[in-house]
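A.B. asks: Sharing a structure, written as structure tokens. Questions coming.
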Amino acid sequence: MHRLRATLTTFRASLLATLATLATLGSAVAAPAPPTLIGQEVRRLPVEERVVALTFNAAWDETGLAAVLATLRDRSAPATFFPTGQYAEQHPGAVRAVAASGHGLGNHSYSHPHFTGLRPDRARAEVLRADAAIRAAAGAEPLPFFRFPYSETTPEAIAGVNALGFADLEFTTDTNGYLGVSGGMTISRVVERAMAALTPGALLQLHVGSAEDAPAADRRCLDAEALPLIIDAVRSHGYRILDLRELLGDG
């Protein structure tokens, strides 16, 4: 715990030093991302304590969202949601519900394109358009964290989002619950994947929603069904669920 506090103190001190240089971005981001996370692909937080972060991508519909929010509330667990801009425009109530429930909102691009090969101006537009859509839907400040669609990162793409004040936060593992029953997944397998990746600073990626072309058997959200088991299992191993806003001194 002492090391984690020291790490967070360093983040906060570094933030103050970078606020002036990023002020020209205006309202593009709520606050600059911690410099400790800038310039790299982050798949595990740089801490040694037993903490793990729950994150949810949202690019489809609202299936499972109410159950996820209820579980997080009942178990007093924080999470960060990464909606796309299109999701925010099509499901503003869902994004608003996440913010109203006290959880953080990251940025997952506007239209979920493959960033590999995108022109810099198009990539920038994807980030900023999503930021604007998420702000409008949530009525709250998004966090300065970006997650690439398909987790396709390149040094150039990461530098591009860093220049906008966002840190790239990917994931240590994806539970693969989004693959559904037809993709060979079950609730127990979702939990097993999460627990297999349990390590200090782990970033767990889950999903809410089901794809429009998903088979009827997959019109459910395995990640939502598995979430209570994941939280209980993580805590039974002595891990604390970290609110990513702690990295900004807001948690």
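So you can find residues: chains in the structure tokens are A, B, ... in the order shown, residues in each start at 1, and ligands are numbered from 1 in order.
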Can you list, as a tab-separated table (two decimals) with N, CA and C atoms, in the first residue's frame, every protein, DNA or RNA residue that comes within 12 Å of segment 225-232 of chain A when you count only C-alpha atoms, leaving out same-chain residues fewer than 5 positions away?

C.D. replies:
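Saved to around_15.tsv:
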chain	number	residue	atom	x	y	z
A	51	VAL	N	-3.56	-4.92	-6.62
A	51	VAL	CA	-4.72	-4.19	-7.09
A	51	VAL	C	-5.01	-4.62	-8.52
A	52	VAL	N	-6.28	-4.57	-8.89
A	52	VAL	CA	-6.71	-4.93	-10.23
A	52	VAL	C	-7.81	-3.98	-10.64
A	53	ALA	N	-7.88	-3.63	-11.92
A	53	ALA	CA	-8.90	-2.70	-12.41
A	53	ALA	C	-9.88	-3.43	-13.32
A	54	LEU	N	-11.17	-3.15	-13.11
A	54	LEU	CA	-12.22	-3.69	-13.97
A	54	LEU	C	-12.56	-2.67	-15.04
A	55	THR	N	-12.54	-3.08	-16.29
A	55	THR	CA	-12.89	-2.18	-17.39
A	55	THR	C	-13.88	-2.88	-18.31
A	56	PHE	N	-14.78	-2.09	-18.89
A	56	PHE	CA	-15.81	-2.62	-19.79
A	56	PHE	C	-15.81	-1.82	-21.09
A	63	THR	N	-27.37	-4.59	-23.54
A	63	THR	CA	-27.54	-5.88	-22.89
A	63	THR	C	-26.52	-6.07	-21.77
A	64	GLY	N	-27.01	-6.36	-20.60
A	64	GLY	CA	-26.12	-6.64	-19.48
A	64	GLY	C	-25.71	-5.42	-18.67
A	65	LEU	N	-25.93	-4.22	-19.18
A	65	LEU	CA	-25.44	-3.04	-18.48
A	65	LEU	C	-26.11	-2.87	-17.12
A	66	ALA	N	-27.43	-3.01	-17.08
A	66	ALA	CA	-28.13	-2.84	-15.80
A	66	ALA	C	-27.63	-3.85	-14.77
A	67	ALA	N	-27.39	-5.08	-15.21
A	67	ALA	CA	-26.90	-6.11	-14.29
A	67	ALA	C	-25.49	-5.79	-13.82
A	68	VAL	N	-24.65	-5.29	-14.73
A	68	VAL	CA	-23.28	-4.92	-14.36
A	68	VAL	C	-23.30	-3.80	-13.33
A	69	LEU	N	-24.08	-2.76	-13.58
A	69	LEU	CA	-24.13	-1.63	-12.64
A	69	LEU	C	-24.68	-2.06	-11.29
A	70	ALA	N	-25.65	-2.97	-11.29
A	70	ALA	CA	-26.21	-3.45	-10.03
A	70	ALA	C	-25.18	-4.24	-9.24
A	71	THR	N	-24.42	-5.08	-9.92
A	71	THR	CA	-23.38	-5.86	-9.25
A	71	THR	C	-22.30	-4.96	-8.68
A	72	LEU	N	-21.87	-3.99	-9.46
A	72	LEU	CA	-20.84	-3.06	-8.98
A	72	LEU	C	-21.34	-2.29	-7.76
A	73	ARG	N	-22.60	-1.90	-7.79
A	73	ARG	CA	-23.18	-1.18	-6.65
A	73	ARG	C	-23.25	-2.09	-5.42
A	74	ASP	N	-23.79	-3.28	-5.60
A	74	ASP	CA	-23.99	-4.18	-4.47
A	74	ASP	C	-22.68	-4.62	-3.84
A	75	ARG	N	-21.62	-4.70	-4.64
A	75	ARG	CA	-20.34	-5.14	-4.12
A	75	ARG	C	-19.36	-3.98	-3.91
A	76	SER	N	-19.87	-2.77	-4.05
A	76	SER	CA	-19.04	-1.57	-3.83
A	76	SER	C	-17.73	-1.66	-4.60
A	77	ALA	N	-17.84	-1.96	-5.88
A	77	ALA	CA	-16.66	-2.10	-6.73
A	77	ALA	C	-16.67	-1.03	-7.82
A	78	PRO	N	-15.55	-0.34	-8.03
A	78	PRO	CA	-15.47	0.65	-9.10
A	78	PRO	C	-15.09	0.00	-10.43
A	79	ALA	N	-15.43	0.68	-11.50
A	79	ALA	CA	-15.05	0.20	-12.84
A	79	ALA	C	-14.92	1.39	-13.76
A	175	THR	N	-11.71	-11.24	-21.02
A	175	THR	CA	-12.39	-12.44	-20.54
A	175	THR	C	-12.98	-13.27	-21.68
A	176	ASN	N	-13.15	-12.64	-22.86
A	176	ASN	CA	-13.73	-13.29	-24.04
A	176	ASN	C	-15.19	-13.65	-23.87
A	177	GLY	N	-15.84	-13.05	-22.86
A	177	GLY	CA	-17.26	-13.31	-22.69
A	177	GLY	C	-18.08	-12.88	-23.89
A	178	TYR	N	-17.58	-11.88	-24.62
A	178	TYR	CA	-18.31	-11.37	-25.79
A	178	TYR	C	-18.45	-12.42	-26.89
A	180	GLY	N	-19.54	-15.32	-26.53
A	180	GLY	CA	-20.80	-16.00	-26.30
A	180	GLY	C	-20.72	-17.51	-26.27
A	185	MET	N	-17.71	-20.07	-25.11
A	185	MET	CA	-17.53	-19.50	-23.78
A	185	MET	C	-18.68	-19.88	-22.85
A	186	THR	N	-18.35	-19.95	-21.56
A	186	THR	CA	-19.32	-20.17	-20.51
A	186	THR	C	-18.98	-19.22	-19.38
A	187	ILE	N	-19.86	-19.12	-18.41
A	187	ILE	CA	-19.59	-18.25	-17.27
A	187	ILE	C	-18.32	-18.69	-16.56
A	188	SER	N	-18.16	-19.99	-16.35
A	188	SER	CA	-16.98	-20.49	-15.65
A	188	SER	C	-15.70	-20.19	-16.42
A	189	ARG	N	-15.75	-20.26	-17.75
A	189	ARG	CA	-14.55	-19.96	-18.54
A	189	ARG	C	-14.22	-18.48	-18.50
A	190	VAL	N	-15.24	-17.63	-18.44
A	190	VAL	CA	-15.00	-16.20	-18.30
A	190	VAL	C	-14.26	-15.93	-16.99
A	191	VAL	N	-14.73	-16.54	-15.91
A	191	VAL	CA	-14.09	-16.36	-14.60
A	191	VAL	C	-12.67	-16.91	-14.62
A	192	GLU	N	-12.48	-18.06	-15.23
A	192	GLU	CA	-11.15	-18.67	-15.29
A	192	GLU	C	-10.16	-17.78	-16.02
A	193	ARG	N	-10.58	-17.15	-17.12
A	193	ARG	CA	-9.68	-16.27	-17.86
A	193	ARG	C	-9.30	-15.06	-17.01
A	194	ALA	N	-10.26	-14.51	-16.30
A	194	ALA	CA	-9.97	-13.36	-15.45
A	194	ALA	C	-8.98	-13.74	-14.36
A	195	MET	N	-9.18	-14.88	-13.72
A	195	MET	CA	-8.34	-15.28	-12.61
A	195	MET	C	-6.95	-15.71	-13.07
A	196	ALA	N	-6.85	-16.23	-14.28
A	196	ALA	CA	-5.55	-16.65	-14.81
A	196	ALA	C	-4.63	-15.45	-15.02
A	197	ALA	N	-5.23	-14.27	-15.19
A	197	ALA	CA	-4.44	-13.05	-15.44
A	197	ALA	C	-4.22	-12.24	-14.19
A	198	LEU	N	-4.65	-12.75	-13.03
A	198	LEU	CA	-4.56	-11.97	-11.81
A	198	LEU	C	-3.10	-11.75	-11.42
A	204	LEU	N	-8.40	-5.86	-16.37
A	204	LEU	CA	-9.31	-6.86	-16.92
A	204	LEU	C	-10.28	-6.20	-17.88
A	205	GLN	N	-10.40	-6.75	-19.07
A	205	GLN	CA	-11.33	-6.21	-20.06
A	205	GLN	C	-12.55	-7.12	-20.18
A	206	LEU	N	-13.73	-6.52	-19.98
A	206	LEU	CA	-14.99	-7.20	-20.17
A	206	LEU	C	-15.82	-6.36	-21.15
A	207	HIS	N	-17.01	-6.84	-21.50
A	207	HIS	CA	-17.86	-6.11	-22.44
A	207	HIS	C	-19.30	-6.07	-21.94
A	208	VAL	N	-20.01	-5.03	-22.34
A	208	VAL	CA	-21.46	-5.00	-22.19
A	208	VAL	C	-22.05	-4.96	-23.59
A	220	ARG	N	-27.21	-12.52	-24.71
A	220	ARG	CA	-27.06	-12.39	-23.27
A	220	ARG	C	-25.65	-11.85	-23.05
A	237	HIS	N	-8.53	-13.53	-3.15
A	237	HIS	CA	-7.09	-13.68	-3.31
A	237	HIS	C	-6.32	-12.48	-2.74
A	238	GLY	N	-7.01	-11.64	-2.00
A	238	GLY	CA	-6.35	-10.52	-1.33
A	238	GLY	C	-6.13	-9.31	-2.21
A	239	TYR	N	-6.85	-9.20	-3.32
A	239	TYR	CA	-6.70	-8.06	-4.23
A	239	TYR	C	-7.77	-7.01	-3.96
A	240	ARG	N	-7.38	-5.76	-4.13
A	240	ARG	CA	-8.32	-4.64	-4.06
A	240	ARG	C	-8.64	-4.20	-5.48
A	241	ILE	N	-9.91	-3.86	-5.72
A	241	ILE	CA	-10.31	-3.37	-7.03
A	241	ILE	C	-10.05	-1.87	-7.08
A	242	LEU	N	-9.18	-1.49	-7.98
A	242	LEU	CA	-8.69	-0.11	-8.08
A	242	LEU	C	-9.57	0.73	-8.97

A.B. asks: Would you list, as a list in words, the residues of segment 177-216 of chain A that end up in strand (DSSP E) under DSSP run on this structure's backbone?

C.D. replies: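 Assigned to strand (DSSP E), within segment 177-216 of chain A: Ala202, Leu203, Leu204, Gln205, Leu206, His207 and Val208 of chain A.
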
A.B. asks: Okay, now the selection with N, CA and C atoms, as an mmCIF file, in the first residue's frame?

C.D. replies:
data_model
loop_
_atom_site.group_PDB
_atom_site.id
_atom_site.type_symbol
_atom_site.label_atom_id
_atom_site.label_comp_id
_atom_site.auth_asym_id
_atom_site.auth_seq_id
_atom_site.Cartn_x
_atom_site.Cartn_y
_atom_site.Cartn_z
ATOM 1 N N ALA A 202 -3.163 -5.633 -12.792
ATOM 2 C CA ALA A 202 -3.854 -6.208 -13.949
ATOM 3 C C ALA A 202 -5.039 -5.354 -14.377
ATOM 4 N N LEU A 203 -5.214 -5.233 -15.680
ATOM 5 C CA LEU A 203 -6.352 -4.553 -16.286
ATOM 6 C C LEU A 203 -7.224 -5.620 -16.938
ATOM 7 N N LEU A 204 -8.398 -5.857 -16.373
ATOM 8 C CA LEU A 204 -9.308 -6.863 -16.920
ATOM 9 C C LEU A 204 -10.283 -6.198 -17.877
ATOM 10 N N GLN A 205 -10.403 -6.752 -19.071
ATOM 11 C CA GLN A 205 -11.332 -6.212 -20.059
ATOM 12 C C GLN A 205 -12.546 -7.120 -20.185
ATOM 13 N N LEU A 206 -13.731 -6.524 -19.975
ATOM 14 C CA LEU A 206 -14.993 -7.198 -20.175
ATOM 15 C C LEU A 206 -15.816 -6.361 -21.152
ATOM 16 N N HIS A 207 -17.009 -6.840 -21.500
ATOM 17 C CA HIS A 207 -17.860 -6.109 -22.439
ATOM 18 C C HIS A 207 -19.298 -6.071 -21.940
ATOM 19 N N VAL A 208 -20.011 -5.029 -22.343
ATOM 20 C CA VAL A 208 -21.461 -4.997 -22.189
ATOM 21 C C VAL A 208 -22.052 -4.961 -23.593
#

A.B. asks: Given the choices A:Leu248, A:Ala59, A:Ala97, A:Ala224, which gets closest to Ala167 of chain A if the distance is worked out from only C-alpha atoms?

C.D. replies: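 With only C-alpha atoms as the atom set, the closest residue is A:Leu248.
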
A.B. asks: I need the residues in segment 14-245 of chain A that are helix (DSSP H, G or I) according to DSSP; give them as a VMD selection string.

C.D. replies: chain A and resid 14 to 25 35 to 37 65 to 74 85 to 90 92 to 100 120 to 138 149 to 151 155 to 163 177 to 179 181 to 183 187 to 196 216 to 218 222 to 236 244 to 245

A.B. asks: Can you tell me which residues surround Pro155 of chain A at a distance of at most 12 Å, considering only C-alpha atoms, apart from same-chain residues fewer than 4 positions away, and format the answer as a PDB file with C-alpha atoms, in the first residue's frame?

C.D. replies:
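After the write, out-v6.pdb holds the following:
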ATOM      1  CA  ILE A  38       2.573   8.351 -21.596  1.00  0.00           C
ATOM      2  CA  GLY A  39       4.744   6.987 -24.393  1.00  0.00           C
ATOM      3  CA  GLN A  40       3.885   3.350 -23.907  1.00  0.00           C
ATOM      4  CA  GLU A  41       1.316   0.650 -24.488  1.00  0.00           C
ATOM      5  CA  VAL A  42      -0.090  -0.003 -21.010  1.00  0.00           C
ATOM      6  CA  PHE A 115      -6.282   2.396 -36.453  1.00  0.00           C
ATOM      7  CA  THR A 116      -3.518   0.636 -38.351  1.00  0.00           C
ATOM      8  CA  ALA A 159       2.065   9.026 -29.837  1.00  0.00           C
ATOM      9  CA  GLY A 160      -0.959  10.517 -31.571  1.00  0.00           C
ATOM     10  CA  VAL A 161      -3.354   9.913 -28.677  1.00  0.00           C
ATOM     11  CA  ASN A 162      -0.663  10.958 -26.189  1.00  0.00           C
ATOM     12  CA  ASP A 168      -3.234   4.300 -23.904  1.00  0.00           C
TER      13      ASP A 168
END

A.B. asks: Considering only C-alpha atoms, can you say which of A:Glu141, A:Asp243, A:Asp218, A:Glu152 comes closest to Ala99 of chain A?

C.D. replies: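 Counting only C-alpha atoms, the residue closest to Ala99 of chain A is A:Glu141.
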
A.B. asks: I need the residue nearest Arg129 of chain A from this list: A:Ala211, A:Val47, A:Ala233, A:Ala88. Use only C-alpha atoms for the distance.

C.D. replies: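 Nearest candidate to Arg129 of chain A out of A:Ala211, A:Val47, A:Ala233, A:Ala88: A:Ala88.
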